[in-house]
Amino acid sequence: MISVNDFRTGVTIEVDNGIWQVIEFQHVKPGKGAAFVRSKLRNLRTGSIQEKTFRAGEKVAKAHIENRKMQYLYASGDSHVFMDNETYDQIELPASSIERELKFLKENMEVHIMTFQAETLGVELPNTVELEVTETEPGIKGDTSSGGTKSAVLETGLSVQVPFFINQGDKLLINTNEGSYVSRA
């Protein structure tokens, strides 16, 4: 059991017959009434996001998630194949269960596969990934980094807003939590 006062981003809990990961949390102590914790949780089975409020000090069950380091190999029809680098075991995950993560995955990338009691929950990506720009408008001389932004399509099909000076072929660091541009690689 874990107290909701100990919530941190990334903590996994069992609530309402689901496995949830804390995305955001906020301790609220109103002037009148009891304190509470407002949280935003992601269901690791379905990917849905839900806001939930807990009374301060309330106890919830901690979910012990095991992370196995695996390598993304390839897409096979409607599933995607991952390989354990130590045992060479391969697992297939349906595209529907990792829809969001596919925007950041490229072949031979190392990721963590989350499992709970022998049930595969999904893929945990690194905080940033390096992706190449495949399509964007060309930069114009005189554009600065403090200027506006333009749209760019990356090698995985993800579309992000980037500064004007980014050109086709540039490698970029992309934040996987927000799907946003961080810097050039």
# chains A, B, ... in the order shown; residues from 1 in each chain; ligands from 1

call {"tool": "residues_around", "arguments": {"residues": "A:Glu110", "least_positions_apart": "4", "cutoff": "7 Å", "atoms": "only C-alpha atoms", "output": "number ranges by chain"}}
result
A: 69-72

call {"tool": "select_by_dssp", "arguments": {"residues": "stretch 31-167 of chain A", "states": "strand (DSSP E)", "output": "PyMOL selection string"}}
result
chain A and resi 36-43+49-55+59-62+66-76+79-84+90-94+110-116+119-124+128-136+149-154+159-163

call {"tool": "atom_distance", "arguments": {"atom1": "atom CA of A:Leu121", "atom2": "atom CA of A:Asn108"}}
result
20.4 Å

call {"tool": "closest_residue", "arguments": {"among": "A:Gly10, A:Gly77, A:Pro30, A:Gly122", "to": "A:Thr46", "atoms": "only C-alpha atoms"}}
result
A:Gly122

call {"tool": "closest_residue", "arguments": {"among": "A:Asn177, A:Thr136, A:Thr53, A:Thr12", "to": "A:Phe164", "atoms": "only C-alpha atoms"}}
result
A:Thr136

call {"tool": "residues_around", "arguments": {"residues": "A:Lys52", "least_positions_apart": "2", "cutoff": "9 Å", "atoms": "only C-alpha atoms", "output": "ChimeraX atom specification"}}
result
/A:37-41,50,54

call {"tool": "residues_around", "arguments": {"residues": "stretch 15-21 of chain A", "least_positions_apart": "5", "cutoff": "8 Å", "atoms": "only C-alpha atoms", "output": "ChimeraX atom specification"}}
result
/A:9-10,41-45,60-61,63

call {"tool": "write_last_selection", "arguments": {"atoms": "N, CA and C atoms", "output": "PDB file, in the first residue's frame"}}
result
ATOM      1  N   THR A   9       5.384  11.399 -10.170  1.00  0.00           N
ATOM      2  CA  THR A   9       5.160  11.099 -11.576  1.00  0.00           C
ATOM      3  C   THR A   9       5.812   9.756 -11.913  1.00  0.00           C
ATOM      4  N   GLY A  10       5.046   8.866 -12.542  1.00  0.00           N
ATOM      5  CA  GLY A  10       5.558   7.557 -12.930  1.00  0.00           C
ATOM      6  C   GLY A  10       5.195   6.436 -11.985  1.00  0.00           C
ATOM      7  N   LEU A  41      -4.272  10.206 -14.198  1.00  0.00           N
ATOM      8  CA  LEU A  41      -3.774   8.836 -14.282  1.00  0.00           C
ATOM      9  C   LEU A  41      -3.960   8.271 -15.682  1.00  0.00           C
ATOM     10  N   ARG A  42      -2.983   7.453 -16.140  1.00  0.00           N
ATOM     11  CA  ARG A  42      -3.093   6.752 -17.424  1.00  0.00           C
ATOM     12  C   ARG A  42      -3.295   5.268 -17.143  1.00  0.00           C
ATOM     13  N   ASN A  43      -4.346   4.708 -17.722  1.00  0.00           N
ATOM     14  CA  ASN A  43      -4.610   3.278 -17.599  1.00  0.00           C
ATOM     15  C   ASN A  43      -3.605   2.551 -18.487  1.00  0.00           C
ATOM     16  N   LEU A  44      -2.774   1.696 -17.893  1.00  0.00           N
ATOM     17  CA  LEU A  44      -1.731   1.014 -18.655  1.00  0.00           C
ATOM     18  C   LEU A  44      -2.269  -0.100 -19.538  1.00  0.00           C
ATOM     19  N   ARG A  45      -3.492  -0.552 -19.303  1.00  0.00           N
ATOM     20  CA  ARG A  45      -4.086  -1.576 -20.161  1.00  0.00           C
ATOM     21  C   ARG A  45      -4.736  -0.967 -21.393  1.00  0.00           C
ATOM     22  N   VAL A  60      -3.675   3.490  -1.339  1.00  0.00           N
ATOM     23  CA  VAL A  60      -4.012   2.735  -2.545  1.00  0.00           C
ATOM     24  C   VAL A  60      -2.963   1.646  -2.725  1.00  0.00           C
ATOM     25  N   ALA A  61      -3.322   0.597  -3.456  1.00  0.00           N
ATOM     26  CA  ALA A  61      -2.391  -0.514  -3.690  1.00  0.00           C
ATOM     27  C   ALA A  61      -1.357  -0.119  -4.732  1.00  0.00           C
ATOM     28  N   ALA A  63       1.135  -0.998  -7.625  1.00  0.00           N
ATOM     29  CA  ALA A  63       1.290  -2.053  -8.631  1.00  0.00           C
ATOM     30  C   ALA A  63       2.775  -2.224  -8.931  1.00  0.00           C
TER      31      ALA A  63
END

call {"tool": "select_by_dssp", "arguments": {"residues": "stretch 36-135 of chain A", "states": "helix (DSSP H, G or I)", "output": "list in words"}}
result
Ala95, Ser96, Ser97, Ile98, Glu101, Leu102 and Lys103 of chain A

call {"tool": "write_last_selection", "arguments": {"atoms": "N, CA, C and O atoms", "output": "compact mmCIF listing (two decimals), in the first residue's frame"}}
result
# COMPACT_ATOMS: atom_id res chain seq x y z
N ALA A 95 -0.71 -3.58 -32.67
CA ALA A 95 -0.56 -2.14 -32.93
C ALA A 95 -1.56 -1.33 -32.12
O ALA A 95 -1.25 -0.21 -31.69
N SER A 96 -2.73 -1.87 -31.88
CA SER A 96 -3.76 -1.13 -31.14
C SER A 96 -3.35 -0.84 -29.70
O SER A 96 -3.77 0.15 -29.13
N SER A 97 -2.48 -1.68 -29.11
CA SER A 97 -2.09 -1.47 -27.72
C SER A 97 -0.93 -0.49 -27.58
O SER A 97 -0.65 -0.01 -26.48
N ILE A 98 -0.23 -0.19 -28.67
CA ILE A 98 0.91 0.75 -28.60
C ILE A 98 0.79 1.85 -29.65
O ILE A 98 1.79 2.34 -30.16
N GLU A 101 2.83 5.05 -28.86
CA GLU A 101 4.26 4.81 -28.85
C GLU A 101 4.83 4.61 -30.26
O GLU A 101 5.99 4.89 -30.51
N LEU A 102 3.99 4.12 -31.20
CA LEU A 102 4.47 3.89 -32.57
C LEU A 102 4.95 5.16 -33.25
O LEU A 102 5.78 5.11 -34.16
N LYS A 103 4.45 6.31 -32.81
CA LYS A 103 4.87 7.59 -33.39
C LYS A 103 6.33 7.90 -33.10
O LYS A 103 6.93 8.75 -33.74

call {"tool": "residues_around", "arguments": {"residues": "A:Gly179", "least_positions_apart": "2", "cutoff": "9 Å", "atoms": "only C-alpha atoms", "output": "list in words"}}
result
Lys103, Phe104, Leu158, Ser159, Val160, Ile174, Asn175, Thr176, Asn177 and Tyr181 of chain A

call {"tool": "write_last_selection", "arguments": {"atoms": "all heavy atoms", "output": "PDB file, in the first residue's frame"}}
result
ATOM      1  N   LYS A 103       4.453   6.314 -32.808  1.00  0.00           N
ATOM      2  CA  LYS A 103       4.865   7.588 -33.394  1.00  0.00           C
ATOM      3  C   LYS A 103       6.335   7.898 -33.098  1.00  0.00           C
ATOM      4  O   LYS A 103       6.932   8.749 -33.739  1.00  0.00           O
ATOM      5  CB  LYS A 103       3.995   8.720 -32.862  1.00  0.00           C
ATOM      6  CG  LYS A 103       2.534   8.578 -33.206  1.00  0.00           C
ATOM      7  CD  LYS A 103       1.716   9.649 -32.536  1.00  0.00           C
ATOM      8  CE  LYS A 103       0.239   9.418 -32.761  1.00  0.00           C
ATOM      9  NZ  LYS A 103      -0.582  10.261 -31.907  1.00  0.00           N
ATOM     10  N   PHE A 104       6.911   7.216 -32.109  1.00  0.00           N
ATOM     11  CA  PHE A 104       8.287   7.481 -31.699  1.00  0.00           C
ATOM     12  C   PHE A 104       9.229   6.311 -31.942  1.00  0.00           C
ATOM     13  O   PHE A 104      10.428   6.441 -31.809  1.00  0.00           O
ATOM     14  CB  PHE A 104       8.320   7.835 -30.202  1.00  0.00           C
ATOM     15  CG  PHE A 104       7.422   8.977 -29.835  1.00  0.00           C
ATOM     16  CD1 PHE A 104       6.192   8.750 -29.260  1.00  0.00           C
ATOM     17  CD2 PHE A 104       7.795  10.283 -30.088  1.00  0.00           C
ATOM     18  CE1 PHE A 104       5.352   9.792 -28.922  1.00  0.00           C
ATOM     19  CE2 PHE A 104       6.967  11.339 -29.761  1.00  0.00           C
ATOM     20  CZ  PHE A 104       5.748  11.096 -29.180  1.00  0.00           C
ATOM     21  N   LEU A 158       5.263  11.181 -37.418  1.00  0.00           N
ATOM     22  CA  LEU A 158       4.857  12.158 -36.413  1.00  0.00           C
ATOM     23  C   LEU A 158       5.047  13.572 -36.966  1.00  0.00           C
ATOM     24  O   LEU A 158       6.051  13.876 -37.595  1.00  0.00           O
ATOM     25  CB  LEU A 158       5.702  11.981 -35.146  1.00  0.00           C
ATOM     26  CG  LEU A 158       5.449  12.951 -34.004  1.00  0.00           C
ATOM     27  CD1 LEU A 158       4.067  12.729 -33.415  1.00  0.00           C
ATOM     28  CD2 LEU A 158       6.511  12.779 -32.931  1.00  0.00           C
ATOM     29  N   SER A 159       4.061  14.425 -36.728  1.00  0.00           N
ATOM     30  CA  SER A 159       4.147  15.816 -37.152  1.00  0.00           C
ATOM     31  C   SER A 159       4.340  16.693 -35.921  1.00  0.00           C
ATOM     32  O   SER A 159       3.578  16.580 -34.956  1.00  0.00           O
ATOM     33  CB  SER A 159       2.866  16.208 -37.889  1.00  0.00           C
ATOM     34  OG  SER A 159       2.956  17.534 -38.330  1.00  0.00           O
ATOM     35  N   VAL A 160       5.381  17.540 -35.926  1.00  0.00           N
ATOM     36  CA  VAL A 160       5.678  18.427 -34.798  1.00  0.00           C
ATOM     37  C   VAL A 160       5.932  19.846 -35.290  1.00  0.00           C
ATOM     38  O   VAL A 160       6.260  20.064 -36.460  1.00  0.00           O
ATOM     39  CB  VAL A 160       6.901  17.951 -33.978  1.00  0.00           C
ATOM     40  CG1 VAL A 160       6.657  16.619 -33.316  1.00  0.00           C
ATOM     41  CG2 VAL A 160       8.137  17.876 -34.838  1.00  0.00           C
ATOM     42  N   ILE A 174      13.176  14.675 -29.788  1.00  0.00           N
ATOM     43  CA  ILE A 174      11.744  14.863 -29.576  1.00  0.00           C
ATOM     44  C   ILE A 174      11.371  14.343 -28.186  1.00  0.00           C
ATOM     45  O   ILE A 174      11.750  13.233 -27.813  1.00  0.00           O
ATOM     46  CB  ILE A 174      10.924  14.107 -30.649  1.00  0.00           C
ATOM     47  CG1 ILE A 174      11.334  14.552 -32.060  1.00  0.00           C
ATOM     48  CG2 ILE A 174       9.434  14.275 -30.421  1.00  0.00           C
ATOM     49  CD1 ILE A 174      11.066  15.999 -32.362  1.00  0.00           C
ATOM     50  N   ASN A 175      10.638  15.152 -27.433  1.00  0.00           N
ATOM     51  CA  ASN A 175      10.142  14.761 -26.117  1.00  0.00           C
ATOM     52  C   ASN A 175       8.997  13.765 -26.320  1.00  0.00           C
ATOM     53  O   ASN A 175       8.002  14.087 -26.963  1.00  0.00           O
ATOM     54  CB  ASN A 175       9.666  16.004 -25.363  1.00  0.00           C
ATOM     55  CG  ASN A 175       9.130  15.692 -23.996  1.00  0.00           C
ATOM     56  OD1 ASN A 175       8.477  14.683 -23.772  1.00  0.00           O
ATOM     57  ND2 ASN A 175       9.399  16.583 -23.062  1.00  0.00           N
ATOM     58  N   THR A 176       9.119  12.559 -25.743  1.00  0.00           N
ATOM     59  CA  THR A 176       8.106  11.527 -25.985  1.00  0.00           C
ATOM     60  C   THR A 176       6.854  11.711 -25.123  1.00  0.00           C
ATOM     61  O   THR A 176       5.800  11.196 -25.465  1.00  0.00           O
ATOM     62  CB  THR A 176       8.670  10.118 -25.726  1.00  0.00           C
ATOM     63  OG1 THR A 176       9.193  10.071 -24.391  1.00  0.00           O
ATOM     64  CG2 THR A 176       9.762   9.779 -26.723  1.00  0.00           C
ATOM     65  N   ASN A 177       6.952  12.434 -24.027  1.00  0.00           N
ATOM     66  CA  ASN A 177       5.765  12.663 -23.189  1.00  0.00           C
ATOM     67  C   ASN A 177       4.810  13.637 -23.853  1.00  0.00           C
ATOM     68  O   ASN A 177       3.601  13.458 -23.807  1.00  0.00           O
ATOM     69  CB  ASN A 177       6.173  13.192 -21.803  1.00  0.00           C
ATOM     70  CG  ASN A 177       6.913  12.168 -20.996  1.00  0.00           C
ATOM     71  OD1 ASN A 177       6.628  10.983 -21.096  1.00  0.00           O
ATOM     72  ND2 ASN A 177       7.863  12.610 -20.205  1.00  0.00           N
ATOM     73  N   TYR A 181       9.177  19.203 -30.039  1.00  0.00           N
ATOM     74  CA  TYR A 181      10.575  19.451 -30.396  1.00  0.00           C
ATOM     75  C   TYR A 181      11.359  19.897 -29.161  1.00  0.00           C
ATOM     76  O   TYR A 181      10.888  20.717 -28.392  1.00  0.00           O
ATOM     77  CB  TYR A 181      10.606  20.542 -31.480  1.00  0.00           C
ATOM     78  CG  TYR A 181      11.948  21.181 -31.730  1.00  0.00           C
ATOM     79  CD1 TYR A 181      12.877  20.571 -32.564  1.00  0.00           C
ATOM     80  CD2 TYR A 181      12.290  22.390 -31.145  1.00  0.00           C
ATOM     81  CE1 TYR A 181      14.102  21.147 -32.813  1.00  0.00           C
ATOM     82  CE2 TYR A 181      13.518  22.985 -31.380  1.00  0.00           C
ATOM     83  CZ  TYR A 181      14.417  22.356 -32.205  1.00  0.00           C
ATOM     84  OH  TYR A 181      15.629  22.933 -32.444  1.00  0.00           O
TER      85      TYR A 181
END

call {"tool": "atom_distance", "arguments": {"atom1": "atom CA of A:Tyr74", "atom2": "atom CA of A:Ser48"}}
result
25.5 Å

call {"tool": "atom_distance", "arguments": {"atom1": "atom CA of A:Val28", "atom2": "atom CA of A:Glu14"}}
result
22.2 Å

call {"tool": "residues_around", "arguments": {"residues": "A:Met114", "least_positions_apart": "6", "cutoff": "7 Å", "atoms": "only C-alpha atoms", "output": "NGL selection string"}}
result
:A and (65-68 or 120-124)

call {"tool": "residues_around", "arguments": {"residues": "A:Ile2", "least_positions_apart": "2", "cutoff": "9 Å", "atoms": "only C-alpha atoms", "output": "PDB file with N, CA, C and O atoms, in the first residue's frame"}}
result
ATOM      1  N   VAL A   4      -1.445   8.359  -0.898  1.00  0.00           N
ATOM      2  CA  VAL A   4      -1.530   9.286  -2.031  1.00  0.00           C
ATOM      3  C   VAL A   4      -0.645  10.514  -1.793  1.00  0.00           C
ATOM      4  O   VAL A   4      -0.306  11.221  -2.747  1.00  0.00           O
ATOM      5  N   ASN A   5      -0.246  10.753  -0.542  1.00  0.00           N
ATOM      6  CA  ASN A   5       0.686  11.855  -0.251  1.00  0.00           C
ATOM      7  C   ASN A   5       2.068  11.572  -0.830  1.00  0.00           C
ATOM      8  O   ASN A   5       2.869  12.478  -1.005  1.00  0.00           O
ATOM      9  N   ASP A   6       2.364  10.300  -1.123  1.00  0.00           N
ATOM     10  CA  ASP A   6       3.654   9.904  -1.673  1.00  0.00           C
ATOM     11  C   ASP A   6       3.638   9.781  -3.198  1.00  0.00           C
ATOM     12  O   ASP A   6       4.569   9.229  -3.779  1.00  0.00           O
ATOM     13  N   PHE A   7       2.578  10.250  -3.854  1.00  0.00           N
ATOM     14  CA  PHE A   7       2.505  10.189  -5.314  1.00  0.00           C
ATOM     15  C   PHE A   7       3.676  10.938  -5.936  1.00  0.00           C
ATOM     16  O   PHE A   7       4.044  12.023  -5.499  1.00  0.00           O
ATOM     17  N   ILE A  13      -0.149   2.341  -9.692  1.00  0.00           N
ATOM     18  CA  ILE A  13      -1.063   1.942  -8.621  1.00  0.00           C
ATOM     19  C   ILE A  13      -2.181   1.081  -9.184  1.00  0.00           C
ATOM     20  O   ILE A  13      -2.424   1.072 -10.393  1.00  0.00           O
ATOM     21  N   GLU A  58      -5.117   8.983   2.027  1.00  0.00           N
ATOM     22  CA  GLU A  58      -5.788   7.763   1.562  1.00  0.00           C
ATOM     23  C   GLU A  58      -4.733   6.779   1.056  1.00  0.00           C
ATOM     24  O   GLU A  58      -3.730   7.162   0.463  1.00  0.00           O
ATOM     25  N   LYS A  59      -4.975   5.486   1.291  1.00  0.00           N
ATOM     26  CA  LYS A  59      -4.043   4.448   0.858  1.00  0.00           C
ATOM     27  C   LYS A  59      -4.570   3.746  -0.390  1.00  0.00           C
ATOM     28  O   LYS A  59      -5.770   3.486  -0.503  1.00  0.00           O
ATOM     29  N   VAL A  60      -3.675   3.490  -1.339  1.00  0.00           N
ATOM     30  CA  VAL A  60      -4.012   2.735  -2.545  1.00  0.00           C
ATOM     31  C   VAL A  60      -2.963   1.646  -2.725  1.00  0.00           C
ATOM     32  O   VAL A  60      -1.844   1.745  -2.211  1.00  0.00           O
ATOM     33  N   ALA A  61      -3.322   0.597  -3.456  1.00  0.00           N
ATOM     34  CA  ALA A  61      -2.391  -0.514  -3.690  1.00  0.00           C
ATOM     35  C   ALA A  61      -1.357  -0.119  -4.732  1.00  0.00           C
ATOM     36  O   ALA A  61      -1.699   0.423  -5.777  1.00  0.00           O
ATOM     37  N   LYS A  62      -0.088  -0.374  -4.427  1.00  0.00           N
ATOM     38  CA  LYS A  62       0.985  -0.094  -5.385  1.00  0.00           C
ATOM     39  C   LYS A  62       1.092  -1.280  -6.334  1.00  0.00           C
ATOM     40  O   LYS A  62       1.097  -2.424  -5.908  1.00  0.00           O
TER      41      LYS A  62
END

call {"tool": "decode", "arguments": {"residues": "stretch 95-107 of chain A", "atoms": "all heavy atoms", "output": "PDB file, in the first residue's frame"}}
result
ATOM      1  N   ALA A  95      -0.714  -3.577 -32.674  1.00  0.00           N
ATOM      2  CA  ALA A  95      -0.560  -2.141 -32.931  1.00  0.00           C
ATOM      3  C   ALA A  95      -1.557  -1.329 -32.121  1.00  0.00           C
ATOM      4  O   ALA A  95      -1.247  -0.211 -31.693  1.00  0.00           O
ATOM      5  CB  ALA A  95      -0.721  -1.853 -34.420  1.00  0.00           C
ATOM      6  N   SER A  96      -2.734  -1.870 -31.878  1.00  0.00           N
ATOM      7  CA  SER A  96      -3.757  -1.131 -31.142  1.00  0.00           C
ATOM      8  C   SER A  96      -3.346  -0.843 -29.705  1.00  0.00           C
ATOM      9  O   SER A  96      -3.771   0.150 -29.129  1.00  0.00           O
ATOM     10  CB  SER A  96      -5.075  -1.902 -31.161  1.00  0.00           C
ATOM     11  OG  SER A  96      -4.890  -3.175 -30.579  1.00  0.00           O
ATOM     12  N   SER A  97      -2.482  -1.680 -29.106  1.00  0.00           N
ATOM     13  CA  SER A  97      -2.085  -1.474 -27.716  1.00  0.00           C
ATOM     14  C   SER A  97      -0.925  -0.491 -27.579  1.00  0.00           C
ATOM     15  O   SER A  97      -0.653  -0.011 -26.477  1.00  0.00           O
ATOM     16  CB  SER A  97      -1.713  -2.801 -27.058  1.00  0.00           C
ATOM     17  OG  SER A  97      -0.509  -3.292 -27.589  1.00  0.00           O
ATOM     18  N   ILE A  98      -0.227  -0.185 -28.672  1.00  0.00           N
ATOM     19  CA  ILE A  98       0.907   0.746 -28.598  1.00  0.00           C
ATOM     20  C   ILE A  98       0.788   1.851 -29.646  1.00  0.00           C
ATOM     21  O   ILE A  98       1.795   2.341 -30.157  1.00  0.00           O
ATOM     22  CB  ILE A  98       2.254  -0.004 -28.733  1.00  0.00           C
ATOM     23  CG1 ILE A  98       2.323  -0.817 -30.029  1.00  0.00           C
ATOM     24  CG2 ILE A  98       2.520  -0.872 -27.531  1.00  0.00           C
ATOM     25  CD1 ILE A  98       3.679  -1.396 -30.325  1.00  0.00           C
ATOM     26  N   GLU A  99      -0.448   2.249 -29.946  1.00  0.00           N
ATOM     27  CA  GLU A  99      -0.695   3.270 -30.978  1.00  0.00           C
ATOM     28  C   GLU A  99       0.111   4.540 -30.754  1.00  0.00           C
ATOM     29  O   GLU A  99       0.744   5.061 -31.659  1.00  0.00           O
ATOM     30  CB  GLU A  99      -2.187   3.629 -30.984  1.00  0.00           C
ATOM     31  CG  GLU A  99      -2.911   3.161 -32.222  1.00  0.00           C
ATOM     32  CD  GLU A  99      -4.380   3.484 -32.139  1.00  0.00           C
ATOM     33  OE1 GLU A  99      -4.715   4.666 -32.253  1.00  0.00           O
ATOM     34  OE2 GLU A  99      -5.175   2.541 -31.968  1.00  0.00           O
ATOM     35  N   ARG A 100       0.078   5.086 -29.526  1.00  0.00           N
ATOM     36  CA  ARG A 100       0.766   6.330 -29.218  1.00  0.00           C
ATOM     37  C   ARG A 100       2.287   6.157 -29.340  1.00  0.00           C
ATOM     38  O   ARG A 100       2.983   7.006 -29.890  1.00  0.00           O
ATOM     39  CB  ARG A 100       0.408   6.785 -27.800  1.00  0.00           C
ATOM     40  CG  ARG A 100       1.017   8.091 -27.414  1.00  0.00           C
ATOM     41  CD  ARG A 100       0.782   8.428 -25.933  1.00  0.00           C
ATOM     42  NE  ARG A 100       1.644   9.483 -25.512  1.00  0.00           N
ATOM     43  CZ  ARG A 100       2.929   9.368 -25.248  1.00  0.00           C
ATOM     44  NH1 ARG A 100       3.532   8.215 -25.371  1.00  0.00           N
ATOM     45  NH2 ARG A 100       3.643  10.412 -24.881  1.00  0.00           N
ATOM     46  N   GLU A 101       2.827   5.051 -28.865  1.00  0.00           N
ATOM     47  CA  GLU A 101       4.264   4.811 -28.854  1.00  0.00           C
ATOM     48  C   GLU A 101       4.831   4.613 -30.259  1.00  0.00           C
ATOM     49  O   GLU A 101       5.993   4.893 -30.505  1.00  0.00           O
ATOM     50  CB  GLU A 101       4.596   3.589 -27.979  1.00  0.00           C
ATOM     51  CG  GLU A 101       4.384   3.813 -26.493  1.00  0.00           C
ATOM     52  CD  GLU A 101       2.951   3.622 -26.030  1.00  0.00           C
ATOM     53  OE1 GLU A 101       2.062   3.352 -26.886  1.00  0.00           O
ATOM     54  OE2 GLU A 101       2.699   3.751 -24.825  1.00  0.00           O
ATOM     55  N   LEU A 102       3.994   4.122 -31.202  1.00  0.00           N
ATOM     56  CA  LEU A 102       4.474   3.885 -32.567  1.00  0.00           C
ATOM     57  C   LEU A 102       4.949   5.161 -33.248  1.00  0.00           C
ATOM     58  O   LEU A 102       5.777   5.111 -34.157  1.00  0.00           O
ATOM     59  CB  LEU A 102       3.378   3.221 -33.407  1.00  0.00           C
ATOM     60  CG  LEU A 102       3.115   1.750 -33.103  1.00  0.00           C
ATOM     61  CD1 LEU A 102       1.942   1.243 -33.915  1.00  0.00           C
ATOM     62  CD2 LEU A 102       4.355   0.919 -33.363  1.00  0.00           C
ATOM     63  N   LYS A 103       4.453   6.314 -32.808  1.00  0.00           N
ATOM     64  CA  LYS A 103       4.865   7.588 -33.394  1.00  0.00           C
ATOM     65  C   LYS A 103       6.335   7.898 -33.098  1.00  0.00           C
ATOM     66  O   LYS A 103       6.932   8.749 -33.739  1.00  0.00           O
ATOM     67  CB  LYS A 103       3.995   8.720 -32.862  1.00  0.00           C
ATOM     68  CG  LYS A 103       2.534   8.578 -33.206  1.00  0.00           C
ATOM     69  CD  LYS A 103       1.716   9.649 -32.536  1.00  0.00           C
ATOM     70  CE  LYS A 103       0.239   9.418 -32.761  1.00  0.00           C
ATOM     71  NZ  LYS A 103      -0.582  10.261 -31.907  1.00  0.00           N
ATOM     72  N   PHE A 104       6.911   7.216 -32.109  1.00  0.00           N
ATOM     73  CA  PHE A 104       8.287   7.481 -31.699  1.00  0.00           C
ATOM     74  C   PHE A 104       9.229   6.311 -31.942  1.00  0.00           C
ATOM     75  O   PHE A 104      10.428   6.441 -31.809  1.00  0.00           O
ATOM     76  CB  PHE A 104       8.320   7.835 -30.202  1.00  0.00           C
ATOM     77  CG  PHE A 104       7.422   8.977 -29.835  1.00  0.00           C
ATOM     78  CD1 PHE A 104       6.192   8.750 -29.260  1.00  0.00           C
ATOM     79  CD2 PHE A 104       7.795  10.283 -30.088  1.00  0.00           C
ATOM     80  CE1 PHE A 104       5.352   9.792 -28.922  1.00  0.00           C
ATOM     81  CE2 PHE A 104       6.967  11.339 -29.761  1.00  0.00           C
ATOM     82  CZ  PHE A 104       5.748  11.096 -29.180  1.00  0.00           C
ATOM     83  N   LEU A 105       8.691   5.131 -32.295  1.00  0.00           N
ATOM     84  CA  LEU A 105       9.513   3.927 -32.453  1.00  0.00           C
ATOM     85  C   LEU A 105      10.117   3.822 -33.841  1.00  0.00           C
ATOM     86  O   LEU A 105       9.443   4.030 -34.839  1.00  0.00           O
ATOM     87  CB  LEU A 105       8.660   2.673 -32.210  1.00  0.00           C
ATOM     88  CG  LEU A 105       8.387   2.277 -30.773  1.00  0.00           C
ATOM     89  CD1 LEU A 105       7.454   1.076 -30.744  1.00  0.00           C
ATOM     90  CD2 LEU A 105       9.654   1.976 -30.029  1.00  0.00           C
ATOM     91  N   LYS A 106      11.389   3.464 -33.873  1.00  0.00           N
ATOM     92  CA  LYS A 106      12.010   3.100 -35.144  1.00  0.00           C
ATOM     93  C   LYS A 106      12.800   1.818 -34.923  1.00  0.00           C
ATOM     94  O   LYS A 106      13.125   1.468 -33.783  1.00  0.00           O
ATOM     95  CB  LYS A 106      12.866   4.227 -35.707  1.00  0.00           C
ATOM     96  CG  LYS A 106      13.990   4.707 -34.847  1.00  0.00           C
ATOM     97  CD  LYS A 106      14.698   5.872 -35.523  1.00  0.00           C
ATOM     98  CE  LYS A 106      15.949   6.233 -34.758  1.00  0.00           C
ATOM     99  NZ  LYS A 106      16.695   7.297 -35.409  1.00  0.00           N
ATOM    100  N   GLU A 107      13.078   1.100 -35.992  1.00  0.00           N
ATOM    101  CA  GLU A 107      13.715  -0.211 -35.888  1.00  0.00           C
ATOM    102  C   GLU A 107      15.041  -0.139 -35.138  1.00  0.00           C
ATOM    103  O   GLU A 107      15.782   0.835 -35.247  1.00  0.00           O
ATOM    104  CB  GLU A 107      13.922  -0.810 -37.279  1.00  0.00           C
ATOM    105  CG  GLU A 107      12.613  -1.220 -37.925  1.00  0.00           C
ATOM    106  CD  GLU A 107      12.798  -1.876 -39.275  1.00  0.00           C
ATOM    107  OE1 GLU A 107      13.951  -2.061 -39.717  1.00  0.00           O
ATOM    108  OE2 GLU A 107      11.779  -2.212 -39.895  1.00  0.00           O
TER     109      GLU A 107
END
